[in-house]
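File shown: structure39.pdb (PDB, C-alpha atoms, pLDDT in the B column).
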```pdb
ATOM      1  CA  MET A 231     -26.108 -14.981 -15.710  1.00 67.00           C
ATOM      2  CA  ARG A 232     -23.894 -17.767 -14.379  1.00 69.00           C
ATOM      3  CA  GLU A 233     -20.880 -15.435 -14.273  1.00 67.00           C
ATOM      4  CA  ALA A 234     -22.878 -12.864 -12.306  1.00 65.00           C
ATOM      5  CA  VAL A 235     -23.915 -15.506  -9.749  1.00 64.00           C
ATOM      6  CA  LEU A 236     -20.336 -16.757  -9.365  1.00 64.00           C
ATOM      7  CA  ALA A 237     -19.070 -13.184  -9.000  1.00 68.00           C
ATOM      8  CA  GLY A 238     -21.610 -12.574  -6.243  1.00 71.00           C
ATOM      9  CA  ILE A 239     -20.574 -15.738  -4.412  1.00 77.00           C
ATOM     10  CA  HIS A 240     -16.905 -14.777  -4.745  1.00 74.00           C
ATOM     11  CA  ALA A 241     -17.590 -11.290  -3.357  1.00 76.00           C
ATOM     12  CA  LYS A 242     -19.380 -12.725  -0.313  1.00 80.00           C
ATOM     13  CA  LEU A 243     -16.627 -15.284   0.227  1.00 82.00           C
ATOM     14  CA  LEU A 244     -14.038 -12.519   0.008  1.00 78.00           C
ATOM     15  CA  LYS A 245     -15.757 -10.612   2.820  1.00 79.00           C
ATOM     16  CA  VAL A 246     -15.689 -13.722   4.999  1.00 82.00           C
ATOM     17  CA  VAL A 247     -12.006 -14.312   4.212  1.00 81.00           C
ATOM     18  CA  TRP A 248     -11.109 -10.728   5.177  1.00 79.00           C
ATOM     19  CA  TRP A 249     -12.832 -11.248   8.521  1.00 81.00           C
ATOM     20  CA  VAL A 250     -10.813 -14.432   9.026  1.00 83.00           C
ATOM     21  CA  ILE A 251      -7.631 -12.548   8.085  1.00 85.00           C
ATOM     22  CA  TYR A 252      -8.475  -9.827  10.599  1.00 82.00           C
ATOM     23  CA  TYR A 253      -8.712 -12.312  13.469  1.00 86.00           C
ATOM     24  CA  THR A 254      -5.887 -14.686  12.455  1.00 88.00           C
ATOM     25  CA  LEU A 255      -3.374 -13.430   9.892  1.00 86.00           C
ATOM     26  CA  ARG A 256      -3.348  -9.817  11.098  1.00 89.00           C
ATOM     27  CA  PRO A 257      -2.135 -10.716  14.620  1.00 92.00           C
ATOM     28  CA  ALA A 258       0.435 -13.094  13.112  1.00 92.00           C
ATOM     29  CA  ILE A 259       1.837 -10.418  10.783  1.00 91.00           C
ATOM     30  CA  LYS A 260       1.904  -7.905  13.623  1.00 93.00           C
ATOM     31  CA  PHE A 261       3.783 -10.359  15.845  1.00 92.00           C
ATOM     32  CA  MET A 262       6.321 -11.427  13.185  1.00 92.00           C
ATOM     33  CA  PHE A 263       7.208  -7.916  12.049  1.00 93.00           C
ATOM     34  CA  ARG A 264       6.337  -6.085  15.287  1.00 92.00           C
ATOM     35  CA  ILE A 265       4.374  -3.595  13.229  1.00 94.00           C
ATOM     36  CA  ARG A 266       3.733  -0.168  14.683  1.00 93.00           C
ATOM     37  CA  LEU A 267       0.915   1.756  13.077  1.00 95.00           C
ATOM     38  CA  PHE A 268       0.716   5.544  13.335  1.00 95.00           C
ATOM     39  CA  GLY A 269      -2.201   7.740  12.252  1.00 96.00           C
ATOM     40  CA  GLU A 270      -5.031   5.184  12.130  1.00 95.00           C
ATOM     41  CA  GLU A 271      -7.421   8.019  12.920  1.00 96.00           C
ATOM     42  CA  ASN A 272      -6.784   9.368   9.397  1.00 97.00           C
ATOM     43  CA  LEU A 273      -8.579   6.428   7.752  1.00 97.00           C
ATOM     44  CA  PRO A 274     -12.077   7.326   6.475  1.00 96.00           C
ATOM     45  CA  ARG A 275     -14.709   5.224   8.238  1.00 94.00           C
ATOM     46  CA  ASN A 276     -17.767   5.893   6.111  1.00 93.00           C
ATOM     47  CA  GLU A 277     -16.482   5.453   2.563  1.00 95.00           C
ATOM     48  CA  ASN A 278     -13.979   3.468   0.570  1.00 96.00           C
ATOM     49  CA  PHE A 279     -10.749   5.083  -0.577  1.00 98.00           C
ATOM     50  CA  LEU A 280      -7.354   4.547  -2.184  1.00 98.00           C
ATOM     51  CA  LEU A 281      -4.234   3.670  -0.190  1.00 98.00           C
ATOM     52  CA  ALA A 282      -1.174   5.154  -1.912  1.00 98.00           C
ATOM     53  CA  ALA A 283       2.121   3.914  -0.470  1.00 97.00           C
ATOM     54  CA  ASN A 284       5.842   4.054  -1.090  1.00 97.00           C
ATOM     55  CA  HIS A 285       7.282   0.807  -2.421  1.00 95.00           C
ATOM     56  CA  PHE A 286      10.582  -0.233  -0.840  1.00 93.00           C
ATOM     57  CA  GLY A 287      10.064  -3.921  -0.076  1.00 91.00           C
ATOM     58  CA  THR A 288       9.034  -7.208  -1.683  1.00 89.00           C
ATOM     59  CA  LEU A 289       6.344  -7.849   0.938  1.00 91.00           C
ATOM     60  CA  ASP A 290       4.678  -4.438   0.720  1.00 93.00           C
ATOM     61  CA  PHE A 291       1.619  -6.262  -0.636  1.00 91.00           C
ATOM     62  CA  LEU A 292       1.128  -7.402   2.988  1.00 92.00           C
ATOM     63  CA  PHE A 293       1.868  -4.086   4.667  1.00 95.00           C
ATOM     64  CA  ILE A 294      -0.308  -1.850   2.461  1.00 95.00           C
ATOM     65  CA  PRO A 295      -3.591  -3.637   3.286  1.00 94.00           C
ATOM     66  CA  TYR A 296      -2.457  -4.111   6.897  1.00 94.00           C
ATOM     67  CA  ALA A 297      -2.814  -0.353   7.366  1.00 95.00           C
ATOM     68  CA  ALA A 298      -6.567  -0.513   6.744  1.00 94.00           C
ATOM     69  CA  ILE A 299      -7.423  -4.080   7.709  1.00 89.00           C
ATOM     70  CA  GLY A 300      -8.713  -2.820  11.053  1.00 89.00           C
ATOM     71  CA  LEU A 301     -11.751  -1.469   9.173  1.00 91.00           C
ATOM     72  CA  ARG A 302     -12.674  -5.107   8.357  1.00 87.00           C
ATOM     73  CA  LYS A 303     -13.532  -4.285   4.761  1.00 88.00           C
ATOM     74  CA  PRO A 304     -12.329  -6.091   1.606  1.00 88.00           C
ATOM     75  CA  ILE A 305      -9.214  -4.573   0.073  1.00 93.00           C
ATOM     76  CA  ARG A 306      -7.949  -4.937  -3.473  1.00 94.00           C
ATOM     77  CA  GLY A 307      -4.806  -3.628  -5.114  1.00 94.00           C
ATOM     78  CA  MET A 308      -2.356  -3.564  -7.976  1.00 91.00           C
ATOM     79  CA  ALA A 309       0.038  -6.455  -8.645  1.00 88.00           C
ATOM     80  CA  LYS A 310       2.781  -6.753 -11.241  1.00 86.00           C
ATOM     81  CA  ALA A 311       1.802  -8.852 -14.257  1.00 85.00           C
ATOM     82  CA  GLU A 312       4.795 -11.178 -13.751  1.00 85.00           C
ATOM     83  CA  LEU A 313       3.054 -12.693 -10.716  1.00 83.00           C
ATOM     84  CA  TYR A 314       0.513 -14.176 -13.104  1.00 82.00           C
ATOM     85  CA  ASP A 315       3.230 -16.424 -14.543  1.00 84.00           C
ATOM     86  CA  ASN A 316       3.500 -18.440 -11.334  1.00 86.00           C
ATOM     87  CA  LEU A 317       0.627 -20.826 -10.572  1.00 89.00           C
ATOM     88  CA  VAL A 318       0.715 -20.241  -6.807  1.00 89.00           C
ATOM     89  CA  THR A 319       0.892 -16.449  -6.874  1.00 87.00           C
ATOM     90  CA  ARG A 320      -1.645 -16.377  -9.699  1.00 88.00           C
ATOM     91  CA  ALA A 321      -4.116 -18.366  -7.578  1.00 89.00           C
ATOM     92  CA  VAL A 322      -3.597 -16.208  -4.482  1.00 87.00           C
ATOM     93  CA  PHE A 323      -3.705 -12.810  -6.165  1.00 89.00           C
ATOM     94  CA  SER A 324      -6.583 -13.830  -8.439  1.00 87.00           C
ATOM     95  CA  PHE A 325      -8.641 -14.938  -5.440  1.00 88.00           C
ATOM     96  CA  PHE A 326      -8.128 -11.526  -3.863  1.00 89.00           C
ATOM     97  CA  LYS A 327      -9.055  -9.935  -7.207  1.00 90.00           C
ATOM     98  CA  ALA A 328      -5.754  -8.141  -7.699  1.00 92.00           C
ATOM     99  CA  VAL A 329      -5.517  -5.873 -10.724  1.00 93.00           C
ATOM    100  CA  TYR A 330      -2.518  -6.909 -12.802  1.00 89.00           C
ATOM    101  CA  VAL A 331      -0.440  -4.093 -14.227  1.00 88.00           C
ATOM    102  CA  LYS A 332       2.335  -4.144 -16.824  1.00 81.00           C
ATOM    103  CA  ARG A 333       5.235  -2.211 -15.385  1.00 70.00           C
ATOM    104  CA  GLY A 334       7.280   0.253 -17.384  1.00 63.00           C
ATOM    105  CA  LYS A 335       4.405   1.364 -19.592  1.00 64.00           C
ATOM    106  CA  SER A 336       1.053   3.112 -19.388  1.00 67.00           C
ATOM    107  CA  ASP A 337      -1.451   0.330 -18.673  1.00 76.00           C
ATOM    108  CA  THR A 338      -4.868   1.804 -19.445  1.00 88.00           C
ATOM    109  CA  ARG A 339      -6.644  -1.497 -18.829  1.00 91.00           C
ATOM    110  CA  ALA A 340      -5.226  -1.737 -15.299  1.00 93.00           C
ATOM    111  CA  ILE A 341      -6.404   1.801 -14.496  1.00 94.00           C
ATOM    112  CA  GLU A 342      -9.890   0.995 -15.825  1.00 95.00           C
ATOM    113  CA  ASP A 343     -10.028  -2.207 -13.740  1.00 95.00           C
ATOM    114  CA  ALA A 344      -8.932  -0.270 -10.651  1.00 96.00           C
ATOM    115  CA  ILE A 345     -11.612   2.359 -11.272  1.00 97.00           C
ATOM    116  CA  GLN A 346     -14.215  -0.397 -11.482  1.00 96.00           C
ATOM    117  CA  ALA A 347     -12.965  -1.928  -8.219  1.00 96.00           C
ATOM    118  CA  VAL A 348     -13.268   1.419  -6.420  1.00 97.00           C
ATOM    119  CA  ARG A 349     -16.745   1.962  -7.872  1.00 96.00           C
ATOM    120  CA  GLU A 350     -17.722  -1.448  -6.503  1.00 93.00           C
ATOM    121  CA  GLY A 351     -16.861  -0.182  -3.024  1.00 94.00           C
ATOM    122  CA  TYR A 352     -13.452  -1.747  -2.417  1.00 94.00           C
ATOM    123  CA  ILE A 353     -10.588  -0.068  -0.609  1.00 96.00           C
ATOM    124  CA  PHE A 354      -7.814  -0.079  -3.198  1.00 97.00           C
ATOM    125  CA  GLY A 355      -4.055  -0.204  -2.588  1.00 97.00           C
ATOM    126  CA  ILE A 356      -1.547   1.174  -5.064  1.00 96.00           C
ATOM    127  CA  ALA A 357       2.153   2.112  -5.143  1.00 95.00           C
ATOM    128  CA  PRO A 358       2.506   5.296  -7.233  1.00 95.00           C
ATOM    129  CA  GLU A 359       6.218   4.633  -7.830  1.00 93.00           C
ATOM    130  CA  GLY A 360       5.203   1.582  -9.857  1.00 88.00           C
ATOM    131  CA  THR A 361       8.136  -0.591  -8.805  1.00 87.00           C
ATOM    132  CA  ARG A 362      10.378  -1.185  -5.811  1.00 88.00           C
ATOM    133  CA  GLN A 363      13.008   1.433  -5.074  1.00 89.00           C
ATOM    134  CA  PRO A 364      16.329  -0.404  -4.545  1.00 77.00           C
ATOM    135  CA  ASN A 365      17.921   2.276  -2.366  1.00 79.00           C
ATOM    136  CA  ALA A 366      14.917   2.787  -0.090  1.00 82.00           C
ATOM    137  CA  GLU A 367      14.582   6.357  -1.347  1.00 88.00           C
ATOM    138  CA  LEU A 368      11.401   7.773  -2.806  1.00 93.00           C
ATOM    139  CA  GLY A 369      11.292   7.588  -6.595  1.00 93.00           C
ATOM    140  CA  ARG A 370       9.208   9.244  -9.279  1.00 93.00           C
ATOM    141  CA  PHE A 371       5.458   9.067  -8.646  1.00 96.00           C
ATOM    142  CA  HIS A 372       3.107   8.198 -11.506  1.00 94.00           C
ATOM    143  CA  THR A 373      -0.371   9.723 -11.744  1.00 95.00           C
ATOM    144  CA  GLY A 374      -2.392   6.478 -11.719  1.00 94.00           C
ATOM    145  CA  ALA A 375      -3.748   6.849  -8.177  1.00 96.00           C
ATOM    146  CA  ALA A 376      -4.747  10.457  -8.844  1.00 97.00           C
ATOM    147  CA  ARG A 377      -6.510   9.502 -12.078  1.00 96.00           C
ATOM    148  CA  ILE A 378      -8.489   6.800 -10.287  1.00 97.00           C
ATOM    149  CA  ALA A 379      -9.436   9.248  -7.535  1.00 97.00           C
ATOM    150  CA  LEU A 380     -10.548  11.918 -10.013  1.00 97.00           C
ATOM    151  CA  VAL A 381     -12.768   9.518 -11.959  1.00 96.00           C
ATOM    152  CA  THR A 382     -14.356   7.920  -8.875  1.00 97.00           C
ATOM    153  CA  GLY A 383     -14.409  10.960  -6.600  1.00 96.00           C
ATOM    154  CA  LYS A 384     -12.869   8.900  -3.804  1.00 97.00           C
ATOM    155  CA  PRO A 385     -10.124  10.215  -1.497  1.00 98.00           C
ATOM    156  CA  ILE A 386      -6.520   9.068  -1.290  1.00 98.00           C
ATOM    157  CA  VAL A 387      -4.859   8.100   1.979  1.00 98.00           C
ATOM    158  CA  PRO A 388      -1.032   8.310   1.763  1.00 98.00           C
ATOM    159  CA  LEU A 389       1.072   5.648   3.514  1.00 97.00           C
ATOM    160  CA  TYR A 390       4.728   5.525   4.384  1.00 97.00           C
ATOM    161  CA  ILE A 391       6.111   2.045   5.101  1.00 97.00           C
ATOM    162  CA  ALA A 392       9.486   2.120   6.847  1.00 94.00           C
ATOM    163  CA  GLU A 393      12.084  -0.690   6.915  1.00 91.00           C
ATOM    164  CA  SER A 394      10.170  -3.005   4.573  1.00 92.00           C
ATOM    165  CA  TYR A 395      13.257  -3.187   2.315  1.00 88.00           C
ATOM    166  CA  GLU A 396      14.933  -5.181   5.117  1.00 89.00           C
ATOM    167  CA  VAL A 397      12.181  -7.811   5.301  1.00 89.00           C
ATOM    168  CA  LEU A 398      12.959  -9.876   2.213  1.00 85.00           C
ATOM    169  CA  LYS A 399      16.140  -9.154   0.308  1.00 78.00           C
ATOM    170  CA  LYS A 400      16.468  -9.947  -3.393  1.00 74.00           C
ATOM    171  CA  GLY A 401      17.308 -13.599  -3.990  1.00 74.00           C
ATOM    172  CA  LYS A 402      16.266 -14.660  -0.479  1.00 79.00           C
ATOM    173  CA  LEU A 403      13.541 -17.235   0.193  1.00 79.00           C
ATOM    174  CA  PHE A 404      12.899 -16.470   3.853  1.00 83.00           C
ATOM    175  CA  PRO A 405      12.091 -13.085   5.404  1.00 85.00           C
ATOM    176  CA  ASN A 406      13.947 -11.239   8.131  1.00 86.00           C
ATOM    177  CA  PHE A 407      11.592 -10.546  11.005  1.00 88.00           C
ATOM    178  CA  VAL A 408      12.503  -6.902  11.424  1.00 88.00           C
ATOM    179  CA  LYS A 409      10.313  -4.204  12.896  1.00 91.00           C
ATOM    180  CA  VAL A 410       8.156  -2.398  10.325  1.00 94.00           C
ATOM    181  CA  MET A 411       6.654   1.054  10.882  1.00 94.00           C
ATOM    182  CA  ILE A 412       3.579   2.202   8.956  1.00 96.00           C
ATOM    183  CA  TYR A 413       2.591   5.873   8.942  1.00 97.00           C
ATOM    184  CA  ILE A 414      -0.871   6.902   7.719  1.00 98.00           C
ATOM    185  CA  GLY A 415      -1.118  10.449   6.388  1.00 97.00           C
ATOM    186  CA  GLU A 416      -4.058  12.813   6.277  1.00 97.00           C
ATOM    187  CA  THR A 417      -6.733  12.072   3.698  1.00 98.00           C
ATOM    188  CA  ILE A 418      -6.393  13.890   0.376  1.00 98.00           C
ATOM    189  CA  ARG A 419      -9.824  14.712  -0.998  1.00 97.00           C
ATOM    190  CA  VAL A 420     -10.605  15.487  -4.646  1.00 96.00           C
ATOM    191  CA  GLU A 421     -14.049  17.119  -4.565  1.00 93.00           C
ATOM    192  CA  GLN A 422     -12.539  20.543  -5.162  1.00 93.00           C
ATOM    193  CA  TYR A 423     -11.483  19.438  -8.655  1.00 90.00           C
ATOM    194  CA  GLY A 424     -15.137  19.292  -9.684  1.00 82.00           C
ATOM    195  CA  GLY A 425     -14.875  16.023 -11.557  1.00 78.00           C
ATOM    196  CA  ARG A 426     -12.056  17.233 -13.810  1.00 82.00           C
ATOM    197  CA  GLU A 427      -9.882  14.436 -15.160  1.00 82.00           C
ATOM    198  CA  ASP A 428      -7.169  16.481 -16.859  1.00 88.00           C
ATOM    199  CA  ARG A 429      -3.421  15.894 -16.614  1.00 92.00           C
ATOM    200  CA  GLU A 430      -2.850  19.098 -14.614  1.00 95.00           C
ATOM    201  CA  SER A 431      -5.265  18.009 -11.866  1.00 96.00           C
ATOM    202  CA  ALA A 432      -3.797  14.498 -11.744  1.00 96.00           C
ATOM    203  CA  THR A 433      -0.270  15.922 -11.465  1.00 96.00           C
ATOM    204  CA  GLU A 434      -1.296  18.295  -8.680  1.00 97.00           C
ATOM    205  CA  ILE A 435      -2.901  15.499  -6.651  1.00 97.00           C
ATOM    206  CA  THR A 436       0.113  13.246  -7.230  1.00 98.00           C
ATOM    207  CA  GLU A 437       2.384  15.961  -5.851  1.00 97.00           C
ATOM    208  CA  LYS A 438       0.185  16.220  -2.762  1.00 98.00           C
ATOM    209  CA  VAL A 439       0.495  12.465  -2.238  1.00 98.00           C
ATOM    210  CA  ARG A 440       4.263  12.547  -2.693  1.00 98.00           C
ATOM    211  CA  ASP A 441       4.636  15.559  -0.372  1.00 98.00           C
ATOM    212  CA  SER A 442       2.667  13.759   2.331  1.00 98.00           C
ATOM    213  CA  ILE A 443       4.724  10.571   2.024  1.00 98.00           C
ATOM    214  CA  THR A 444       7.941  12.625   1.960  1.00 97.00           C
ATOM    215  CA  ARG A 445       6.984  14.333   5.226  1.00 96.00           C
ATOM    216  CA  MET A 446       6.305  10.962   6.864  1.00 96.00           C
ATOM    217  CA  HIS A 447       9.615   9.648   5.515  1.00 94.00           C
ATOM    218  CA  GLU A 448      11.454  12.640   6.968  1.00 94.00           C
ATOM    219  CA  ARG A 449       9.650  12.242  10.287  1.00 92.00           C
ATOM    220  CA  TYR A 450      10.730   8.609  10.468  1.00 92.00           C
ATOM    221  CA  GLU A 451      14.347   9.388   9.580  1.00 89.00           C
ATOM    222  CA  LYS A 452      14.437  12.139  12.224  1.00 89.00           C
ATOM    223  CA  GLU A 453      13.048   9.786  14.898  1.00 86.00           C
ATOM    224  CA  LYS A 454      15.426   7.058  13.777  1.00 84.00           C
ATOM    225  CA  ARG A 455      18.459   9.333  14.038  1.00 84.00           C
ATOM    226  CA  ALA A 456      17.388  10.524  17.490  1.00 82.00           C
ATOM    227  CA  TYR A 457      17.158   6.895  18.573  1.00 75.00           C
ATOM    228  CA  LEU A 458      20.636   6.166  17.234  1.00 76.00           C
ATOM    229  CA  VAL A 459      22.177   9.277  18.802  1.00 77.00           C
ATOM    230  CA  GLN A 460      20.654   8.357  22.140  1.00 76.00           C
ATOM    231  CA  ARG A 461      22.373   4.966  21.952  1.00 72.00           C
ATOM    232  CA  ASN A 462      25.656   6.219  20.459  1.00 66.00           C
ATOM    233  CA  LEU A 463      25.100   4.239  17.256  1.00 60.00           C
ATOM    234  CA  VAL A 464      24.923   7.152  14.851  1.00 53.00           C
ATOM    235  CA  ASP A 465      28.372   6.536  13.323  1.00 51.00           C
ATOM    236  CA  LEU A 466      27.752   2.845  12.651  1.00 48.00           C
ATOM    237  CA  ASP A 467      26.319   1.175   9.575  1.00 48.00           C
ATOM    238  CA  VAL A 468      23.007   0.408  11.273  1.00 48.00           C
ATOM    239  CA  ARG A 469      20.625  -0.216   8.388  1.00 50.00           C
ATOM    240  CA  GLY A 470      18.596  -3.172   9.582  1.00 49.00           C
ATOM    241  CA  VAL A 471      20.132  -3.112  13.074  1.00 47.00           C
ATOM    242  CA  PHE A 472      17.731  -0.328  14.022  1.00 49.00           C
ATOM    243  CA  ALA A 473      14.780  -2.223  12.643  1.00 49.00           C
ATOM    244  CA  THR A 474      15.499  -5.281  14.777  1.00 48.00           C
ATOM    245  CA  GLY A 475      15.445  -3.260  17.969  1.00 49.00           C
ATOM    246  CA  GLY A 476      13.071  -0.934  19.579  1.00 52.00           C
ATOM    247  CA  PHE A 477      11.967   2.554  19.374  1.00 53.00           C
TER     248      PHE A 477
END
```
Starting from the coordinates I provided, produce the structure as structure tokens.
Amino acid sequence: MREAVLAGIHAKLLKVVWWVIYYTLRPAIKFMFRIRLFGEENLPRNENFLLAANHFGTLDFLFIPYAAIGLRKPIRGMAKAELYDNLVTRAVFSFFKAVYVKRGKSDTRAIEDAIQAVREGYIFGIAPEGTRQPNAELGRFHTGAARIALVTGKPIVPLYIAESYEVLKKGKLFPNFVKVMIYIGETIRVEQYGGREDRESATEITEKVRDSITRMHERYEKEKRAYLVQRNLVDLDVRGVFATGGF
């Protein structure tokens, strides 16, 4: 009984905190990283959903929820289990009810916790690659997001986050305030699978998510190259230089 009361209080407090974040932290993040958001119209307004994003940067845990924070609804997500070893990160991620996942193995408990979060009405963020990609190239996608969507019947919204690998390099304490682009893809619905939860369906949905993110990645690279050609920078080593400027 006591746990249920505390959980209810925490849930209400979380809603208040997300409102505070919307009016304070969101503008600060946008200013620091000059975030440009494309495709906001693709976010479902009348139901919760999963956000499935590429994972290139250390601070993607900020950029994934940023994509949907305009809806002013609580957002939860996956976090690597190692963050639980640090008292500060444990306190922060626990407050926001992050689902801890053990990387490098199939974590059934984490999937079950994520399913419960989605059933409770939360928007849920997840990186299907499972870990950061050191070369800022898309890696292998796991089927976790698709499995959660199939069980809950909720849609998946693909995200592509560009230049986040430049924000906080490995071994650095302070971020680089580079420009970050976030592309929101078209919603991938799962009703047509009729509640099936088989591996084939999960793989098919995962491929749809990866294809969508790949298209956004290619769009960004095309726009980036056009920007560089226009400024005669195409032959330079401009990784990071582009992100600090404009297009």
Using the chain letters and residue numbers of this document, give as a ChimeraX atom specification the residues selected by the PyMOL selection byres ((chain A and resi 307) around 10). /A:280-281,291,294-295,305-306,308-309,323,326-330,344,347-348,352-357
Give the answer as one residue: which of A:Leu244, A:Val318, A:Ala392, A:Leu313 has the shortest atom-to-atom distance to Glu448 of chain A, using only C-alpha atoms? A:Ala392
Could you please determine the separation between atom CA of Arg429 of chain A and atom CA of Val381 of chain A in Å, to one decimal place?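 Computed distance, atom CA of Arg429 of chain A to atom CA of Val381 of chain A, equals 12.2 Å.
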Each segment 276-353 of chain A residue no farther than 9 Å from segment 367-373 of chain A, nearest pair in Å, all atoms listed in the file, as CSV:
```
residue,atom,partner,partner_atom,distance
A:Asn284,CA,A:Leu368,CA,6.9
A:His285,CA,A:Leu368,CA,8.1
A:Phe286,CA,A:Glu367,CA,7.7
```
Interatomic distance (Å, one decimal) between atom CA of Val439 of chain A and atom CA of Arg377 of chain A: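 One can read the atom CA of Val439 of chain A to atom CA of Arg377 of chain A distance as 12.4 Å.
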Here's a test: counting only C-alpha atoms, identify every protein, DNA and RNA residue with an atom at most 10 Å from (-6.4, 8.1, 3.3) in the file's coordinate frame, and state them as a list of chain:residue names.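 Within 10 Å of (-6.4, 8.1, 3.3), the protein and nucleic acid residues are A:Gly269, A:Glu270, A:Glu271, A:Asn272, A:Leu273, A:Pro274, A:Asn278, A:Phe279, A:Leu280, A:Leu281, A:Ala282, A:Ala298, A:Ile353, A:Lys384, A:Pro385, A:Ile386, A:Val387, A:Pro388, A:Leu389, A:Ile414, A:Gly415, A:Glu416, A:Thr417, A:Ile418, A:Arg419, A:Val439.
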All file atoms of segment 247-259 of chain A boxed axis-aligned, 5 Å per side, centre plus edges, as lines of an AutoDock Vina configuration file:
```
center_x = -5.5
center_y = -12.3
center_z = 9.4
size_x = 24.7
size_y = 14.9
size_z = 20.4
```
Could you list, as a ChimeraX atom specification, every residue matched by the PyMOL selection byres ((chain A and resi 394) around 12) in this structure? /A:263-265,283-294,362-367,390-393,395-399,405-412,469-470,473-474
Result set, the PyMOL selection byres ((chain A and resi 332) around 6) on current file, as a PDB file with C-alpha atoms, in the frame of the given file:
```
ATOM      1  CA  ALA A 311       1.802  -8.852 -14.257  1.00 85.00           C
ATOM      2  CA  VAL A 331      -0.440  -4.093 -14.227  1.00 88.00           C
ATOM      3  CA  ARG A 333       5.235  -2.211 -15.385  1.00 70.00           C
TER       4      ARG A 333
END
```
As an exercise, work out the distance from atom CA of Tyr252 of chain A to atom CA of Leu267 of chain A in Å and give it to one decimal place. 15.1 Å
Minimum-distance residue to Leu301 of chain A, chosen among A:Thr361, A:Gln422, A:Ser431, A:Asn276 (using only C-alpha atoms):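 So, comparing all the options, the nearest one is A:Asn276.
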Using only C-alpha atoms, which residue out of A:Phe268, A:Ala375, A:Glu359, A:Gly425 lies closest to Arg449 of chain A?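 Closest candidate: A:Phe268.
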Using all atoms listed in the file, find the one residue out of A:Lys310, A:Ile251, A:Arg320, A:Ile239 that sits nearest to Tyr296 of chain A.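 Smallest separation from Tyr296 of chain A among the options: A:Ile251.
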I need segment 341-379 of chain A from the structure I supplied, saved as a compact mmCIF listing (two decimals), in the first residue's frame with C-alpha atoms retained.
```txt
# COMPACT_ATOMS: atom_id res chain seq x y z
CA ILE A 341 12.45 -5.44 -22.06
CA GLU A 342 9.72 -6.39 -19.57
CA ASP A 343 10.29 -3.17 -17.60
CA ALA A 344 10.12 -1.14 -20.81
CA ILE A 345 6.87 -2.86 -21.80
CA GLN A 346 5.42 -1.96 -18.41
CA ALA A 347 6.52 1.67 -18.81
CA VAL A 348 4.81 1.91 -22.21
CA ARG A 349 1.66 0.29 -20.82
CA GLU A 350 1.65 2.93 -18.08
CA GLY A 351 1.42 5.58 -20.79
CA TYR A 352 4.99 6.86 -20.98
CA ILE A 353 6.77 7.87 -24.16
CA PHE A 354 9.79 5.58 -24.21
CA GLY A 355 13.21 6.27 -25.75
CA ILE A 356 15.51 3.50 -26.92
CA ALA A 357 18.64 3.12 -29.08
CA PRO A 358 18.27 -0.10 -31.11
CA GLU A 359 22.03 -0.28 -31.72
CA GLY A 360 22.46 -0.88 -27.99
CA THR A 361 25.72 1.04 -27.65
CA ARG A 362 27.47 4.06 -29.12
CA GLN A 363 28.91 3.70 -32.61
CA PRO A 364 32.51 5.02 -32.50
CA ASN A 365 32.71 5.92 -36.19
CA ALA A 366 29.36 7.71 -36.35
CA GLU A 367 28.07 5.07 -38.77
CA LEU A 368 24.91 3.09 -38.22
CA GLY A 369 25.53 -0.28 -36.60
CA ARG A 370 23.52 -3.45 -36.20
CA PHE A 371 19.99 -2.89 -34.88
CA HIS A 372 18.60 -5.18 -32.18
CA THR A 373 14.91 -6.10 -32.07
CA GLY A 374 14.12 -4.78 -28.58
CA ALA A 375 12.12 -1.74 -29.72
CA ALA A 376 10.11 -3.87 -32.15
CA ARG A 377 9.36 -6.45 -29.45
CA ILE A 378 8.11 -3.74 -27.10
CA ALA A 379 5.94 -2.28 -29.86
```
